[in-house]
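J.: Have a peek at run-v2.cif (mmCIF, C-alpha atoms and all ligand atoms).
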```cif
data_input
loop_
_atom_site.group_PDB
_atom_site.id
_atom_site.type_symbol
_atom_site.label_atom_id
_atom_site.label_comp_id
_atom_site.auth_asym_id
_atom_site.auth_seq_id
_atom_site.Cartn_x
_atom_site.Cartn_y
_atom_site.Cartn_z
ATOM 1 C CA MET A 1 18.588 8.659 -5.822
ATOM 2 C CA ILE A 2 16.769 7.555 -2.673
ATOM 3 C CA HIS A 3 16.793 3.776 -2.230
ATOM 4 C CA LEU A 4 13.604 2.525 -0.607
ATOM 5 C CA LYS A 5 14.217 -0.893 0.918
ATOM 6 C CA ASP A 6 10.686 -1.847 1.877
ATOM 7 C CA LEU A 7 7.200 -0.628 2.650
ATOM 8 C CA ARG A 8 6.921 -0.834 6.431
ATOM 9 C CA TYR A 9 3.596 0.578 7.537
ATOM 10 C CA VAL A 10 0.549 2.592 6.749
ATOM 11 C CA ARG A 11 -0.996 4.977 9.272
ATOM 12 C CA LEU A 12 -4.669 5.816 8.784
ATOM 13 C CA GLY A 13 -6.610 8.526 10.584
ATOM 14 C CA THR A 14 -10.041 7.528 11.867
ATOM 15 C CA ARG A 15 -12.697 9.078 14.092
ATOM 16 C CA ASP A 16 -13.006 5.771 15.960
ATOM 17 C CA PRO A 17 -9.743 3.840 16.411
ATOM 18 C CA GLY A 18 -11.587 1.320 18.629
ATOM 19 C CA ALA A 19 -14.065 0.351 15.912
ATOM 20 C CA ALA A 20 -11.315 0.341 13.278
ATOM 21 C CA ALA A 21 -9.173 -1.959 15.436
ATOM 22 C CA GLU A 22 -12.168 -4.262 15.864
ATOM 23 C CA TYR A 23 -12.543 -4.418 12.070
ATOM 24 C CA GLY A 24 -8.785 -4.915 11.675
ATOM 25 C CA GLN A 25 -8.924 -7.990 13.858
ATOM 26 C CA ARG A 26 -12.347 -9.553 13.355
ATOM 27 C CA ILE A 27 -12.728 -8.887 9.619
ATOM 28 C CA LEU A 28 -9.246 -8.238 8.239
ATOM 29 C CA GLY A 29 -7.714 -10.892 10.500
ATOM 30 C CA LEU A 30 -4.708 -8.848 11.626
ATOM 31 C CA GLU A 31 -3.071 -9.182 15.040
ATOM 32 C CA LEU A 32 -3.539 -6.342 17.521
ATOM 33 C CA VAL A 33 -0.065 -5.496 18.804
ATOM 34 C CA ARG A 34 -0.855 -2.646 21.195
ATOM 35 C CA ARG A 35 -3.008 0.353 21.895
ATOM 36 C CA GLU A 36 -0.891 3.402 22.588
ATOM 37 C CA ASP A 37 -1.513 7.138 22.672
ATOM 38 C CA GLY A 38 -5.081 6.657 21.425
ATOM 39 C CA ALA A 39 -3.950 4.606 18.415
ATOM 40 C CA ALA A 40 -4.272 0.909 17.608
ATOM 41 C CA TYR A 41 -1.214 -0.901 16.218
ATOM 42 C CA LEU A 42 -1.834 -4.029 14.145
ATOM 43 C CA ARG A 43 0.304 -6.272 11.991
ATOM 44 C CA GLY A 44 -0.010 -8.741 9.136
ATOM 45 C CA ASP A 45 3.465 -10.277 9.425
ATOM 46 C CA ASP A 46 6.433 -10.684 11.788
ATOM 47 C CA ARG A 47 7.336 -6.985 11.922
ATOM 48 C CA ASP A 48 6.472 -4.850 14.966
ATOM 49 C CA HIS A 49 3.431 -3.322 13.278
ATOM 50 C CA THR A 50 2.242 -2.734 9.737
ATOM 51 C CA LEU A 51 -1.075 -0.865 10.136
ATOM 52 C CA VAL A 52 -1.916 1.939 12.567
ATOM 53 C CA TYR A 53 -5.335 3.451 13.155
ATOM 54 C CA PHE A 54 -4.900 6.785 14.943
ATOM 55 C CA LYS A 55 -7.568 9.223 16.108
ATOM 56 C CA GLY A 56 -7.756 11.920 13.462
ATOM 57 C CA ASP A 57 -9.014 12.986 10.087
ATOM 58 C CA PRO A 58 -9.984 9.921 7.996
ATOM 59 C CA THR A 59 -8.294 11.518 4.976
ATOM 60 C CA ASP A 60 -4.973 11.757 6.881
ATOM 61 C CA HIS A 61 -2.820 8.862 5.602
ATOM 62 C CA THR A 62 0.919 8.222 5.921
ATOM 63 C CA THR A 63 3.033 5.424 4.499
ATOM 64 C CA GLY A 64 6.369 4.379 6.032
ATOM 65 C CA TRP A 65 9.344 3.345 3.893
ATOM 66 C CA GLU A 66 12.602 1.886 5.153
ATOM 67 C CA VAL A 67 15.957 3.260 4.025
ATOM 68 C CA ALA A 68 19.304 1.569 4.670
ATOM 69 C CA ASP A 69 20.788 3.564 7.557
ATOM 70 C CA ALA A 70 21.258 6.978 9.174
ATOM 71 C CA ALA A 71 23.548 8.183 6.364
ATOM 72 C CA ALA A 72 20.954 7.172 3.765
ATOM 73 C CA LEU A 73 18.291 9.071 5.724
ATOM 74 C CA ASP A 74 20.413 12.247 5.801
ATOM 75 C CA ALA A 75 21.148 11.909 2.089
ATOM 76 C CA ALA A 76 17.440 11.353 1.382
ATOM 77 C CA GLY A 77 16.533 14.526 3.292
ATOM 78 C CA ALA A 78 19.070 16.531 1.283
ATOM 79 C CA GLU A 79 17.855 15.003 -2.000
ATOM 80 C CA LEU A 80 14.203 15.853 -1.228
ATOM 81 C CA GLU A 81 15.127 19.418 -0.250
ATOM 82 C CA SER A 82 17.039 19.791 -3.524
ATOM 83 C CA GLN A 83 13.719 18.922 -5.199
ATOM 84 C CA GLN A 84 12.052 21.782 -3.245
ATOM 85 C CA ILE A 85 10.247 19.279 -1.021
ATOM 86 C CA LYS A 86 9.917 20.355 2.605
ATOM 87 C CA VAL A 87 11.264 17.730 4.996
ATOM 88 C CA ARG A 88 10.600 17.466 8.730
ATOM 89 C CA ARG A 89 12.664 15.345 11.114
ATOM 90 C CA GLY A 90 10.689 13.061 13.407
ATOM 91 C CA MET A 91 10.709 13.993 17.091
ATOM 92 C CA ARG A 92 11.936 11.533 19.706
ATOM 93 C CA GLY A 93 8.432 10.676 20.887
ATOM 94 C CA GLU A 94 7.237 10.117 17.325
ATOM 95 C CA CYS A 95 10.173 7.749 16.682
ATOM 96 C CA GLU A 96 9.261 5.800 19.810
ATOM 97 C CA LEU A 97 5.625 5.466 18.730
ATOM 98 C CA ARG A 98 6.722 4.287 15.275
ATOM 99 C CA ARG A 99 9.299 1.897 16.768
ATOM 100 C CA VAL A 100 12.049 3.341 14.574
ATOM 101 C CA ASP A 101 15.475 4.838 15.323
ATOM 102 C CA ASP A 102 14.870 7.942 13.264
ATOM 103 C CA PHE A 103 12.658 9.228 10.469
ATOM 104 C CA ILE A 104 11.906 12.150 8.198
ATOM 105 C CA THR A 105 8.482 12.992 6.803
ATOM 106 C CA TYR A 106 7.413 14.851 3.645
ATOM 107 C CA LEU A 107 4.614 15.266 1.125
ATOM 108 C CA ASP A 108 5.051 13.860 -2.384
ATOM 109 C CA PRO A 109 4.067 16.046 -5.380
ATOM 110 C CA SER A 110 0.423 14.908 -5.107
ATOM 111 C CA GLY A 111 0.332 15.717 -1.378
ATOM 112 C CA ASN A 112 0.619 12.151 -0.058
ATOM 113 C CA ARG A 113 2.531 11.974 3.233
ATOM 114 C CA HIS A 114 5.439 9.535 3.510
ATOM 115 C CA ASP A 115 7.863 8.728 6.332
ATOM 116 C CA LEU A 116 11.365 7.493 5.528
ATOM 117 C CA VAL A 117 12.474 5.400 8.492
ATOM 118 C CA VAL A 118 15.690 3.854 9.808
ATOM 119 C CA ARG A 119 15.882 0.586 11.738
ATOM 120 C CA PRO A 120 12.178 -0.151 12.148
ATOM 121 C CA HIS A 121 11.616 -2.822 14.747
ATOM 122 C CA HIS A 122 11.060 -6.454 13.949
ATOM 123 C CA SER A 123 9.290 -8.656 16.472
ATOM 124 C CA GLY A 124 10.601 -11.742 18.210
ATOM 125 C CA ARG A 125 7.079 -13.119 18.297
ATOM 126 C CA ARG A 126 5.726 -14.701 15.143
ATOM 127 C CA PHE A 127 2.621 -13.224 13.518
ATOM 128 C CA PHE A 128 -0.581 -14.845 14.747
ATOM 129 C CA ALA A 129 -3.638 -13.946 12.643
ATOM 130 C CA ALA A 130 -6.820 -13.039 14.511
ATOM 131 C CA ARG A 131 -8.825 -15.324 12.221
ATOM 132 C CA ASP A 132 -8.046 -18.020 9.649
ATOM 133 C CA CYS A 133 -7.533 -15.525 6.805
ATOM 134 C CA GLY A 134 -4.263 -16.865 5.353
ATOM 135 C CA VAL A 135 -2.591 -13.426 5.566
ATOM 136 C CA TRP A 136 1.204 -13.681 5.686
ATOM 137 C CA SER A 137 2.361 -10.172 4.725
ATOM 138 C CA PHE A 138 1.424 -6.515 4.414
ATOM 139 C CA SER A 139 2.594 -5.940 0.861
ATOM 140 C CA HIS A 140 1.523 -2.876 -1.130
ATOM 141 C CA ILE A 141 -0.615 0.231 -1.337
ATOM 142 C CA GLY A 142 -2.761 1.863 -3.976
ATOM 143 C CA LEU A 143 -1.786 5.542 -3.923
ATOM 144 C CA ARG A 144 -3.821 8.378 -5.362
ATOM 145 C CA THR A 145 -2.055 10.721 -7.747
ATOM 146 C CA THR A 146 -3.219 14.072 -9.080
ATOM 147 C CA ASP A 147 -0.760 13.762 -11.997
ATOM 148 C CA ALA A 148 0.309 10.216 -12.862
ATOM 149 C CA VAL A 149 3.068 11.239 -15.291
ATOM 150 C CA ARG A 150 4.657 13.681 -12.808
ATOM 151 C CA ASP A 151 4.413 11.202 -9.931
ATOM 152 C CA GLU A 152 5.887 8.358 -11.988
ATOM 153 C CA GLN A 153 8.877 10.623 -12.608
ATOM 154 C CA PHE A 154 9.106 11.399 -8.877
ATOM 155 C CA TRP A 155 9.037 7.733 -7.855
ATOM 156 C CA THR A 156 11.442 6.605 -10.592
ATOM 157 C CA GLN A 157 13.900 9.517 -10.666
ATOM 158 C CA VAL A 158 14.043 10.754 -7.072
ATOM 159 C CA MET A 159 13.299 7.281 -5.665
ATOM 160 C CA ASN A 160 14.488 3.898 -6.908
ATOM 161 C CA ALA A 161 11.077 2.675 -8.115
ATOM 162 C CA ARG A 162 10.803 0.970 -11.511
ATOM 163 C CA VAL A 163 7.705 0.743 -13.696
ATOM 164 C CA SER A 164 6.382 -2.822 -13.951
ATOM 165 C CA ASP A 165 3.306 -2.049 -16.075
ATOM 166 C CA ARG A 166 0.973 0.834 -16.844
ATOM 167 C CA ILE A 167 -2.791 1.056 -17.117
ATOM 168 C CA ALA A 168 -3.327 4.181 -19.241
ATOM 169 C CA SER A 169 -1.003 6.744 -17.612
ATOM 170 C CA ALA A 170 -0.969 5.101 -14.166
ATOM 171 C CA ALA A 171 2.131 3.082 -13.295
ATOM 172 C CA LEU A 172 2.481 -0.006 -11.134
ATOM 173 C CA LEU A 173 5.818 0.518 -9.409
ATOM 174 C CA ARG A 174 8.257 -1.919 -7.823
ATOM 175 C CA ILE A 175 11.160 -1.294 -5.453
ATOM 176 C CA ASP A 176 12.215 -4.939 -5.182
ATOM 177 C CA GLU A 177 11.318 -8.215 -6.918
ATOM 178 C CA VAL A 178 7.591 -7.887 -6.225
ATOM 179 C CA HIS A 179 5.686 -6.618 -9.298
ATOM 180 C CA HIS A 180 4.377 -3.593 -7.398
ATOM 181 C CA LYS A 181 4.568 -1.983 -3.974
ATOM 182 C CA ILE A 182 2.801 1.160 -5.219
ATOM 183 C CA ALA A 183 -0.114 1.240 -7.627
ATOM 184 C CA LEU A 184 -0.817 4.807 -8.741
ATOM 185 C CA PHE A 185 -4.497 5.743 -9.124
ATOM 186 C CA PRO A 186 -5.390 9.016 -10.874
ATOM 187 C CA SER A 187 -7.591 11.120 -8.614
ATOM 188 C CA THR A 188 -8.379 14.706 -7.725
ATOM 189 C CA VAL A 189 -7.206 14.274 -4.118
ATOM 190 C CA PRO A 190 -4.230 12.584 -2.439
ATOM 191 C CA GLY A 191 -4.458 9.586 -0.119
ATOM 192 C CA VAL A 192 -4.016 5.861 0.193
ATOM 193 C CA GLN A 193 -6.547 4.201 -2.119
ATOM 194 C CA HIS A 194 -6.154 0.608 -0.967
ATOM 195 C CA VAL A 195 -4.143 -1.497 1.455
ATOM 196 C CA ASN A 196 -2.985 -4.925 0.292
ATOM 197 C CA HIS A 197 -2.199 -8.027 2.304
ATOM 198 C CA GLN A 198 -0.824 -11.180 0.723
ATOM 199 C CA VAL A 199 -2.549 -14.471 1.491
ATOM 200 C CA HIS A 200 -1.147 -17.953 0.988
ATOM 201 C CA GLY A 201 -3.327 -19.110 -1.889
ATOM 202 C CA VAL A 202 -6.483 -18.936 -3.969
ATOM 203 C CA ASP A 203 -8.337 -20.927 -1.305
ATOM 204 C CA ASP A 204 -7.698 -18.081 1.154
ATOM 205 C CA VAL A 205 -9.008 -15.459 -1.300
ATOM 206 C CA MET A 206 -12.180 -17.479 -1.872
ATOM 207 C CA ARG A 207 -12.616 -18.439 1.793
ATOM 208 C CA SER A 208 -12.429 -14.750 2.728
ATOM 209 C CA TYR A 209 -14.771 -13.793 -0.111
ATOM 210 C CA TYR A 210 -17.509 -15.997 1.378
ATOM 211 C CA PHE A 211 -16.635 -14.945 4.948
ATOM 212 C CA LEU A 212 -16.808 -11.233 4.050
ATOM 213 C CA ARG A 213 -20.155 -11.648 2.299
ATOM 214 C CA GLU A 214 -21.529 -13.499 5.295
ATOM 215 C CA GLN A 215 -20.344 -10.659 7.573
ATOM 216 C CA GLY A 216 -22.083 -8.060 5.399
ATOM 217 C CA VAL A 217 -18.810 -6.501 4.234
ATOM 218 C CA ARG A 218 -19.156 -4.787 0.869
ATOM 219 C CA ILE A 219 -17.069 -6.490 -1.829
ATOM 220 C CA VAL A 220 -15.940 -3.813 -4.287
ATOM 221 C CA PHE A 221 -13.947 -5.888 -6.799
ATOM 222 C CA GLY A 222 -13.426 -9.554 -7.471
ATOM 223 C CA PRO A 223 -12.753 -12.311 -6.944
ATOM 224 C CA GLY A 224 -10.601 -11.891 -10.019
ATOM 225 C CA ARG A 225 -7.097 -12.026 -11.460
ATOM 226 C CA HIS A 226 -5.036 -8.980 -12.449
ATOM 227 C CA PRO A 227 -3.568 -9.374 -15.951
ATOM 228 C CA THR A 228 -0.730 -7.058 -14.878
ATOM 229 C CA SER A 229 0.728 -8.803 -11.807
ATOM 230 C CA GLY A 230 -1.049 -12.133 -12.322
ATOM 231 C CA ALA A 231 -2.342 -11.949 -8.737
ATOM 232 C CA VAL A 232 -5.719 -13.422 -7.747
ATOM 233 C CA PHE A 233 -7.555 -10.848 -5.656
ATOM 234 C CA VAL A 234 -10.602 -9.688 -3.766
ATOM 235 C CA TYR A 235 -11.147 -6.036 -2.738
ATOM 236 C CA PHE A 236 -13.542 -4.999 0.021
ATOM 237 C CA GLU A 237 -14.543 -1.976 2.061
ATOM 238 C CA GLY A 238 -13.283 -1.122 5.538
ATOM 239 C CA PRO A 239 -13.650 1.700 8.076
ATOM 240 C CA ASP A 240 -13.907 5.255 6.704
ATOM 241 C CA GLY A 241 -14.408 3.877 3.179
ATOM 242 C CA MET A 242 -10.834 2.563 2.909
ATOM 243 C CA VAL A 243 -10.462 -0.334 0.478
ATOM 244 C CA TYR A 244 -8.595 -3.478 1.540
ATOM 245 C CA GLU A 245 -7.301 -6.204 -0.732
ATOM 246 C CA TYR A 246 -6.231 -9.795 -0.250
ATOM 247 C CA SER A 247 -4.174 -11.219 -3.091
ATOM 248 C CA THR A 248 -1.924 -14.122 -3.938
ATOM 249 C CA GLY A 249 0.448 -15.176 -6.704
ATOM 250 C CA VAL A 250 1.916 -11.772 -7.565
ATOM 251 C CA ARG A 251 4.570 -11.902 -10.275
ATOM 252 C CA LEU A 252 8.202 -11.474 -9.244
ATOM 253 C CA ILE A 253 10.699 -9.691 -11.487
ATOM 254 C CA LYS A 254 14.029 -11.285 -10.608
ATOM 255 C CA PRO A 255 17.358 -9.389 -10.633
ATOM 256 C CA ASP A 256 18.468 -11.220 -13.799
ATOM 257 C CA GLU A 257 15.312 -9.926 -15.577
ATOM 258 C CA GLU A 258 15.840 -6.268 -14.578
ATOM 259 C CA ALA A 259 18.090 -5.417 -17.533
ATOM 260 C CA THR A 260 15.689 -6.696 -20.178
ATOM 261 C CA TYR A 261 12.269 -6.208 -18.500
ATOM 262 C CA ARG A 262 9.944 -3.893 -20.404
ATOM 263 C CA PRO A 263 6.733 -2.543 -18.848
ATOM 264 C CA ARG A 264 3.579 -3.402 -20.735
ATOM 265 C CA GLN A 265 0.938 -0.816 -21.621
ATOM 266 C CA PHE A 266 -2.656 -1.711 -20.802
ATOM 267 C CA PRO A 267 -5.616 0.399 -21.935
ATOM 268 C CA PHE A 268 -8.334 1.696 -19.597
ATOM 269 C CA ALA A 269 -10.719 -1.203 -19.885
ATOM 270 C CA PRO A 270 -12.216 -3.552 -17.269
ATOM 271 C CA SER A 271 -10.146 -6.359 -18.830
ATOM 272 C CA SER A 272 -6.959 -4.490 -17.827
ATOM 273 C CA PHE A 273 -7.967 -4.776 -14.161
ATOM 274 C CA CYS A 274 -9.425 -8.298 -14.206
ATOM 275 C CA MET A 275 -8.882 -11.048 -16.758
ATOM 276 C CA TRP A 276 -11.847 -13.073 -15.453
ATOM 277 C CA GLY A 277 -14.495 -10.422 -16.121
ATOM 278 C CA SER A 278 -15.051 -8.942 -12.641
ATOM 279 C CA LYS A 279 -16.019 -5.249 -12.789
ATOM 280 C CA PRO A 280 -14.628 -2.849 -10.153
ATOM 281 C CA GLU A 281 -17.019 -0.814 -8.008
ATOM 282 C CA ILE A 282 -14.237 1.474 -6.824
ATOM 283 C CA PRO A 283 -14.540 5.245 -7.404
ATOM 284 C CA GLU A 284 -10.851 5.607 -8.311
ATOM 285 C CA PHE A 285 -11.179 3.045 -11.087
ATOM 286 C CA ARG A 286 -14.074 5.057 -12.499
ATOM 287 C CA ALA A 287 -12.281 8.399 -11.912
ATOM 288 C CA ALA A 288 -9.226 6.881 -13.518
ATOM 289 C CA GLU A 289 -11.307 5.746 -16.485
ATOM 290 C CA SER A 290 -12.819 9.210 -17.013
ATOM 291 C CA THR A 291 -9.355 10.835 -16.562
ATOM 292 C CA GLY A 292 -8.024 8.364 -19.100
ATOM 293 C CA ALA A 293 -10.884 9.171 -21.457
ATOM 294 C CA ARG A 294 -10.231 12.904 -21.056
ATOM 295 C CA ALA A 295 -6.531 12.330 -21.683
ATOM 296 C CA ARG A 296 -7.340 10.416 -24.855
ATOM 297 C CA VAL A 297 -9.698 13.163 -26.072
ATOM 298 C CA ALA A 298 -7.023 15.754 -25.282
HETATM 299 FE FE FE B 1 -3.576 -3.968 -5.115
#
```
Rewrite the structure of this file - the entire thing - as C-alpha cells.
T.:
Amino acid sequence: MIHLKDLRYVRLGTRDPGAAAEYGQRILGLELVRREDGAAYLRGDDRDHTLVYFKGDPTDHTTGWEVADAAALDAAGAELESQQIKVRRGMRGECELRRVDDFITYLDPSGNRHDLVVRPHHSGRRFFAARDCGVWSFSHIGLRTTDAVRDEQFWTQVMNARVSDRIASAALLRIDEVHHKIALFPSTVPGVQHVNHQVHGVDDVMRSYYFLREQGVRIVFGPGRHPTSGAVFVYFEGPDGMVYEYSTGVRLIKPDEEATYRPRQFPFAPSSFCMWGSKPEIPEFRAAESTGARARVA
C-alpha cells in the first residue's frame, strides 16, 4: 500500500506559459514564484509552488503527491512495478526544478501521469495572493478516468485513498480528513479535469463570481453547493480550456469517523452536483452523464 501524504502540485502543459502565468496571477489570484526553464511557477499557499505552466502539449498534465521519505518512495516504486506499472526515477535536474529531494513518475491505469515526491520544499515566505481572491490553499483535482471502477480500485488498493461518496460509478476520494483530493470524472481520455483552490468563505466565492464575469471569464458551473462535500463552489474556464474551481466549507471526515463512515451513492442527476439548482456546462459532466446512462442501459 502506497501512502500518499498530500497533493503537492499540478503541472500543466501550455503553448503560452507567459499568457497562462498572466491568467494565473490576474484572474486566478495566485502568486508568481519564479519563471525557470521556460515554465512559470505559481502557488496558492505557503508551499514552494503548487501550479506550474510549462511550454508543451496542453493535454500533458502531471500531478505531484508527497510520500513520507526515501524508503517509502523506493517501496512505492516496487509496489507499482509489481502492478506492471512502468516507473521512471526523476533525474537530478528534474528534482531541482520540482524543488524535491527525489521523485518517481508513472502513468495510472487511465494514462494520467503522477509524480511521487520526497521532501518537497516549503517556503519561508508567506503566501501573498496577486488579487483579493481569498485563496488560502491548493486543495484537489478532478481527474479523468477511462474506467471509474478500475481506477477506484487502483486508488484504494494500491494507494491509501478512501471513497467518500460516489456519483454513479465515479468516486470522490480522500487521502486525509478532507472529503476529496481526487474527484474521478469518466471520460474517453486521461487528464486533469479541474484544479481546485480553497477560499476563506462564501463571500470570496461570490466576490470572485462577479469579478470573473466582469473580466469576461466563462463561468461553467455555479455558484452552487455540492451535496457530496457540502462545499460552496464556482467553476470557471482558464487557459487551454482547463477548468478552475474556488470552493469553501468542504466536509472533513475525522479519524474517529473513519471506522464507521460509509460512502453515499448519488445518481447521475444535476441535483447530485449542485443542491441549489445550478446546471454544469462542463463536457465531463455531460460525458459522465451519458456514460452513466449507457452503464444503466447495459
Ligand atoms: Fe472540485
J.: At a cut-off of 7 Å, can you tabulate as CSV every residue of chain A near ligand FE 1 (chain B) together with its closest atom pair and the distance in Å to one decimal, using all atoms listed in the file and ordering rows by chain then number?
T.:
```
residue,atom,partner,partner_atom,distance
A:His140,CA,B:FE1,FE,6.6
A:Ile141,CA,B:FE1,FE,6.4
A:Gly142,CA,B:FE1,FE,6.0
A:Ala183,CA,B:FE1,FE,6.7
A:His194,CA,B:FE1,FE,6.7
A:Asn196,CA,B:FE1,FE,5.5
A:Glu245,CA,B:FE1,FE,6.2
```
J.: Output C-alpha atoms for every residue in the selection just made, as a PDB file, in the frame of the given file.
T.:
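Ended up saving to out04.pdb:
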```pdb
ATOM      1  CA  HIS A 140       1.523  -2.876  -1.130  1.00  0.00           C
ATOM      2  CA  ILE A 141      -0.615   0.231  -1.337  1.00  0.00           C
ATOM      3  CA  GLY A 142      -2.761   1.863  -3.976  1.00  0.00           C
ATOM      4  CA  ALA A 183      -0.114   1.240  -7.627  1.00  0.00           C
ATOM      5  CA  HIS A 194      -6.154   0.608  -0.967  1.00  0.00           C
ATOM      6  CA  ASN A 196      -2.985  -4.925   0.292  1.00  0.00           C
ATOM      7  CA  GLU A 245      -7.301  -6.204  -0.732  1.00  0.00           C
TER       8      GLU A 245
END
```
J.: Once the PyMOL selection byres (((chain A and resi 230) around 12) and not hetatm) has been applied to the shown file, what residues remain in the selection, as a ChimeraX atom specification?
T.: /A:165,178-180,224-229,231-233,247-252,272-276
J.: Which residue, A:Arg264, A:His49, A:Arg144, A:Arg213, has the smallest gap to Val192 of chain A when you use only C-alpha atoms?
T.: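 Closest candidate: A:Arg144.
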J.: Between A:Pro263, A:Gly191, A:Gly222, A:Gly90, which residue has the minimum interatomic distance to Leu172 of chain A, considering all atoms listed in the file?
T.: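 For Leu172 of chain A, the nearest of the candidates is A:Pro263.
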J.: Please provide as an mmCIF file with C-alpha atoms, keeping the file's coordinate frame all residues within 7 Å of segment 109-118 of chain A, with the sequence filter that same-chain residues fewer than 5 positions apart are discarded (counting only C-alpha atoms).
T.:
```cif
data_model
loop_
_atom_site.group_PDB
_atom_site.id
_atom_site.type_symbol
_atom_site.label_atom_id
_atom_site.label_comp_id
_atom_site.auth_asym_id
_atom_site.auth_seq_id
_atom_site.Cartn_x
_atom_site.Cartn_y
_atom_site.Cartn_z
ATOM 1 C CA HIS A 61 -2.820 8.862 5.602
ATOM 2 C CA THR A 62 0.919 8.222 5.921
ATOM 3 C CA THR A 63 3.033 5.424 4.499
ATOM 4 C CA GLY A 64 6.369 4.379 6.032
ATOM 5 C CA TRP A 65 9.344 3.345 3.893
ATOM 6 C CA GLU A 66 12.602 1.886 5.153
ATOM 7 C CA VAL A 67 15.957 3.260 4.025
ATOM 8 C CA ALA A 68 19.304 1.569 4.670
ATOM 9 C CA ASP A 69 20.788 3.564 7.557
ATOM 10 C CA ALA A 70 21.258 6.978 9.174
ATOM 11 C CA VAL A 100 12.049 3.341 14.574
ATOM 12 C CA ASP A 101 15.475 4.838 15.323
ATOM 13 C CA ASP A 102 14.870 7.942 13.264
ATOM 14 C CA PHE A 103 12.658 9.228 10.469
ATOM 15 C CA ILE A 104 11.906 12.150 8.198
ATOM 16 C CA THR A 145 -2.055 10.721 -7.747
ATOM 17 C CA THR A 146 -3.219 14.072 -9.080
ATOM 18 C CA ASP A 151 4.413 11.202 -9.931
ATOM 19 C CA PRO A 190 -4.230 12.584 -2.439
ATOM 20 C CA GLY A 191 -4.458 9.586 -0.119
#
```
J.: List, as a list in words, every residue that the PyMOL selection byres (((chain A and resi 41-43) around 8) and not hetatm) selects in the file provided.
T.: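 Selected by the PyMOL selection byres (((chain A and resi 41-43) around 8) and not hetatm) here: Ala21, Gly24, Leu30, Glu31, Leu32, Val33, Arg34, Arg35, Glu36, Ala39, Ala40, Gly44, Asp45, Asp46, Arg47, Asp48, His49, Thr50, Leu51, Val52, Tyr53, Phe127 and Phe138 of chain A.
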J.: From the options A:Asp256, A:Glu81, A:Glu96, A:Asp60, which residue's atoms come nearest to Arg11 of chain A, counting all atoms listed in the file?
T.: A:Asp60
J.: Report as a PyMOL selection string the residues that result from applying the PyMOL selection byres (((chain A and resi 202-206) around 9) and not hetatm) to the structure here.
T.: chain A and resi 132-135+199-201+207-211+223+232-234+246-249
J.: To one decimal in Å, tell me the separation between atom CA of Lys86 of chain A and atom CA of Val149 of chain A.
T.: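 So the answer is 21.2 Å.
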J.: Within 10 Å of Thr59 of chain A, counting only C-alpha atoms, which residues show up once you throw out same-chain ones fewer than 4 positions away? Write them as a list in words, please.
T.: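 The neighbour list is Leu12, Gly13, Thr14, Val189, Pro190, Gly191, Val192, Asp240, Gly241 and Met242 of chain A.
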J.: Would you mind completing segment 231-241 of chain A so that it carries N, CA, C and O atoms, and writing it out as a PDB file, keeping the file's coordinate frame?
T.:
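Wrote selection17.pdb, looks like this:
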```
ATOM      1  N   ALA A 231      -1.824 -11.604 -10.063  1.00  0.00           N
ATOM      2  CA  ALA A 231      -2.342 -11.949  -8.737  1.00  0.00           C
ATOM      3  C   ALA A 231      -3.853 -12.196  -8.771  1.00  0.00           C
ATOM      4  O   ALA A 231      -4.590 -11.500  -9.473  1.00  0.00           O
ATOM      5  N   VAL A 232      -4.288 -13.178  -7.988  1.00  0.00           N
ATOM      6  CA  VAL A 232      -5.719 -13.422  -7.747  1.00  0.00           C
ATOM      7  C   VAL A 232      -6.110 -12.564  -6.556  1.00  0.00           C
ATOM      8  O   VAL A 232      -5.381 -12.512  -5.554  1.00  0.00           O
ATOM      9  N   PHE A 233      -7.249 -11.880  -6.655  1.00  0.00           N
ATOM     10  CA  PHE A 233      -7.555 -10.848  -5.656  1.00  0.00           C
ATOM     11  C   PHE A 233      -9.017 -10.817  -5.267  1.00  0.00           C
ATOM     12  O   PHE A 233      -9.887 -11.303  -5.988  1.00  0.00           O
ATOM     13  N   VAL A 234      -9.275 -10.187  -4.116  1.00  0.00           N
ATOM     14  CA  VAL A 234     -10.602  -9.688  -3.766  1.00  0.00           C
ATOM     15  C   VAL A 234     -10.403  -8.369  -3.021  1.00  0.00           C
ATOM     16  O   VAL A 234      -9.488  -8.240  -2.204  1.00  0.00           O
ATOM     17  N   TYR A 235     -11.192  -7.358  -3.378  1.00  0.00           N
ATOM     18  CA  TYR A 235     -11.147  -6.036  -2.738  1.00  0.00           C
ATOM     19  C   TYR A 235     -12.441  -5.838  -1.965  1.00  0.00           C
ATOM     20  O   TYR A 235     -13.524  -6.182  -2.471  1.00  0.00           O
ATOM     21  N   PHE A 236     -12.352  -5.208  -0.808  1.00  0.00           N
ATOM     22  CA  PHE A 236     -13.542  -4.999   0.021  1.00  0.00           C
ATOM     23  C   PHE A 236     -13.380  -3.723   0.840  1.00  0.00           C
ATOM     24  O   PHE A 236     -12.283  -3.188   0.986  1.00  0.00           O
ATOM     25  N   GLU A 237     -14.518  -3.277   1.383  1.00  0.00           N
ATOM     26  CA  GLU A 237     -14.543  -1.976   2.061  1.00  0.00           C
ATOM     27  C   GLU A 237     -14.289  -2.120   3.563  1.00  0.00           C
ATOM     28  O   GLU A 237     -14.766  -3.066   4.185  1.00  0.00           O
ATOM     29  N   GLY A 238     -13.564  -1.139   4.097  1.00  0.00           N
ATOM     30  CA  GLY A 238     -13.283  -1.122   5.538  1.00  0.00           C
ATOM     31  C   GLY A 238     -13.723   0.193   6.155  1.00  0.00           C
ATOM     32  O   GLY A 238     -14.469   0.959   5.535  1.00  0.00           O
ATOM     33  N   PRO A 239     -13.262   0.463   7.385  1.00  0.00           N
ATOM     34  CA  PRO A 239     -13.650   1.700   8.076  1.00  0.00           C
ATOM     35  C   PRO A 239     -13.288   2.937   7.257  1.00  0.00           C
ATOM     36  O   PRO A 239     -12.272   2.947   6.557  1.00  0.00           O
ATOM     37  N   ASP A 240     -14.131   3.963   7.358  1.00  0.00           N
ATOM     38  CA  ASP A 240     -13.907   5.255   6.704  1.00  0.00           C
ATOM     39  C   ASP A 240     -13.799   5.119   5.184  1.00  0.00           C
ATOM     40  O   ASP A 240     -13.159   5.946   4.530  1.00  0.00           O
ATOM     41  N   GLY A 241     -14.390   4.050   4.637  1.00  0.00           N
ATOM     42  CA  GLY A 241     -14.408   3.877   3.179  1.00  0.00           C
ATOM     43  C   GLY A 241     -13.097   3.376   2.584  1.00  0.00           C
ATOM     44  O   GLY A 241     -12.982   3.273   1.357  1.00  0.00           O
TER      45      GLY A 241
END
```
